[in-house]
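A.B. asks: Before anything else, here's the structure in question.
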Amino acid sequence: MSNSTPLTLMGAPGSPYTRKMLAVLRYRHLSYRLHFSRDGMPEGLPVPKVALLPTFFLPNAAGDMEAVVDSTPLIRRFEREFEGRSVIPTDPAIAFLDYLLEDYADEWLTKPMFHYRWHFQADIDKAAAILPRWTLKPQAEDEALKMGKIFADRQISRLHVVGSSNETAPVIEASYERYLAAMKAHLETSSFLLGARPSSSDFGMYGQLTQLATFDPTPMQLTLDKAPAVYAWVDMVDDLSGVEAEENAWTKRDAIPDTLVDIFKQVGAYYVPALLANAKALMNGDEQVETEIDGARWTQKPFAYQGKCLQWLREQHAALANSDRAVVDDVLAGTGCEKIFA
């Protein structure tokens with residue numbers, strides 16, 4: 001594919017994964033044509049099997065256009081198809097750490113994102129008022145109000161999908177506050193998660209933070225109060241098209257900072273136990289995931305996709321050369337993340 005041929009996608013400003021991918025495209029200087037999802041499916045383009053945002057419309061092996069979703073493999077597909085300004089570190093050990101952090105962003109930070117938006121009344125009210133109005137088509141006010149209520153009711157009814165409930169709320173909220181503290185400390189000495197050059201994990205966390213830190217009132221105020229540097233970082237990562245991509249700017253394997261290890265400790269404290277308990281429930285055919293996270297009981301419905309996430313993490317870890325795997329295992333030792341590979 002040519003860098004000059006615009007990539008076509010459908011998405012929405014309120015979708016963290018849309019924002020993640022748009023920021024990647026801007027940084028990599030890949031042109032794109034964005035269709036807003038509220039404006040309907042673009043004419044002549046294939047319908048996705050699963051309605052997820054963003055949806056890219058790309059040629060398959062036969063040259064036929066197909067609808068493609070899932071940001072993590074899309075980033076890696078674009079790495080293969082387009083040269084320059086890579087977001088995957090060249091060191092395999094650092095690339096694996098990047099992959100794990102991106103998975104945490106996509107699969108755990110989305111829990112506080114969804115929870116805050118549909119658990120607190122101020123956040124519900126803002127989302128219901130704004131999300132239906134993200135359209136370029138003229139819209140009557142009564143239609144926007146009706147759609148806002150329908151959308152809010154549907155999303156609130158789906159809180160259980162990410163594990164959000166009155167029982168798990170304290171765990172989810174504590175995890176976001178602890179993540180903020182770790183990220184704030186890291187940004188005092190590092191521009192990005194893995195050094196002075198952005199990686200896929202930066203864009204993963206950025207995507208969730210576009211909602212948590214700068215849109216939804218409750219977590220936005222938390223971010224401003226506890227980690228204003230994180231709020232500012234989100235604005236910067238939005239468009240990194242003018243930032244130089246220096247090859248030696250990524251963190252070196254022999255110079256992993258303690259602040260990065262502290263972020264992995266948040267991954268190990270919250271995401272890992274949920275990931276392992278989910279896999280156990282899927283294996284046993286259980287209707288409920290039950291485990292302990294941060295000293296509290298955690299329950300949710302099993303989630304098949306996160307079973308695949310665990311499998312992919314283990315496959316990526318096993319595929320590393322012995323020397324690279326040793327570096328990864330040394331970094332993760334004692335963070336709780338090592339339990340994924342035990």
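By order of appearance in the structure tokens: chains A, B, ..., then residues from 1 within every chain, and ligands from 1 in the order shown.
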Fewer than 2 positions away in the same chain doesn't count, so skip those; otherwise give me all residues within 10 Å of A:Ala144, counting only C-alpha atoms, as a VMD selection string.
C.D. replies: chain A and resid 128 to 134 139 to 142 146 to 150
A.B. asks: Go ahead and save the picked residues with C-alpha atoms, as a JSON list (two decimals), in the first residue's frame.
C.D. replies:
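After the write, out_15.json holds the following:
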[["chain", "number", "residue", "atom", "x", "y", "z"],
["A", 128, "ALA", "CA", -25.84, 11.41, 26.86],
["A", 129, "ALA", "CA", -25.78, 15.06, 25.79],
["A", 130, "ILE", "CA", -22.66, 14.98, 23.62],
["A", 131, "LEU", "CA", -22.20, 11.50, 22.11],
["A", 132, "PRO", "CA", -25.38, 11.60, 19.96],
["A", 133, "ARG", "CA", -24.36, 15.04, 18.67],
["A", 134, "TRP", "CA", -21.04, 13.83, 17.21],
["A", 139, "GLN", "CA", -29.97, 16.97, 13.74],
["A", 140, "ALA", "CA", -33.14, 18.16, 15.45],
["A", 141, "GLU", "CA", -32.78, 18.83, 19.17],
["A", 142, "ASP", "CA", -35.56, 16.44, 20.16],
["A", 146, "LYS", "CA", -34.09, 10.93, 22.45],
["A", 147, "MET", "CA", -30.92, 9.27, 21.12],
["A", 148, "GLY", "CA", -28.98, 10.39, 24.19],
["A", 149, "LYS", "CA", -31.41, 8.65, 26.52],
["A", 150, "ILE", "CA", -31.51, 5.48, 24.41]]
A.B. asks: Extract, using only C-alpha atoms, all DNA, RNA and protein residues at most 12 Å from A:Ala23, discarding same-chain residues fewer than 3 positions from it, and format them as number ranges by chain.
C.D. replies: A: 13, 16-20, 26-32, 71, 75, 87, 198-207, 210, 234-241
A.B. asks: My list of candidates is A:Leu101, A:Ser190, A:Ala318, A:Phe120. Which is closest to A:Cys337 when distances are computed with only C-alpha atoms?
C.D. replies: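 Between A:Leu101, A:Ser190, A:Ala318, A:Phe120, the residue approaching A:Cys337 most closely is A:Leu101.
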A.B. asks: Go through A:Trp250, A:Tyr305, A:Phe82, A:Tyr176 and flag the residue nearest A:Lys226, using only C-alpha atoms for the distances.
C.D. replies: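 For A:Lys226, the nearest of the given residues is A:Tyr176.
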A.B. asks: Determine which residues of stretch 46-97 of chain A DSSP labels as helix (DSSP H, G or I) from the backbone of this structure, then write them out as a list in words.
C.D. replies: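 These are the residues in question: Ser71, Thr72, Pro73, Leu74, Ile75, Arg76, Arg77, Phe78, Glu79, Arg80, Glu81, Pro92, Ala93, Ile94, Ala95, Phe96 and Leu97 of chain A.
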A.B. asks: Residues of stretch 55-147 of chain A in strand (DSSP E) according to DSSP, as a list in words?
C.D. replies: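 Output for stretch 55-147 of chain A, strand (DSSP E) only: Thr55, Phe56, Phe57, Leu58, Pro59, Met65, Glu66, Ala67 and Val68 of chain A.
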A.B. asks: From the options A:Thr168, A:Thr5, A:Ser86, A:Gln208, which residue's atoms come nearest to A:Thr299, counting only C-alpha atoms?
C.D. replies: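 For A:Thr299, the nearest of the given residues is A:Thr168.
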A.B. asks: A:Ala67: which residues within 7 Å, counting only C-alpha atoms, same-chain residues fewer than 6 positions away excluded, as an MDAnalysis selection string?
C.D. replies: chainID A and resid 46:48 55:58
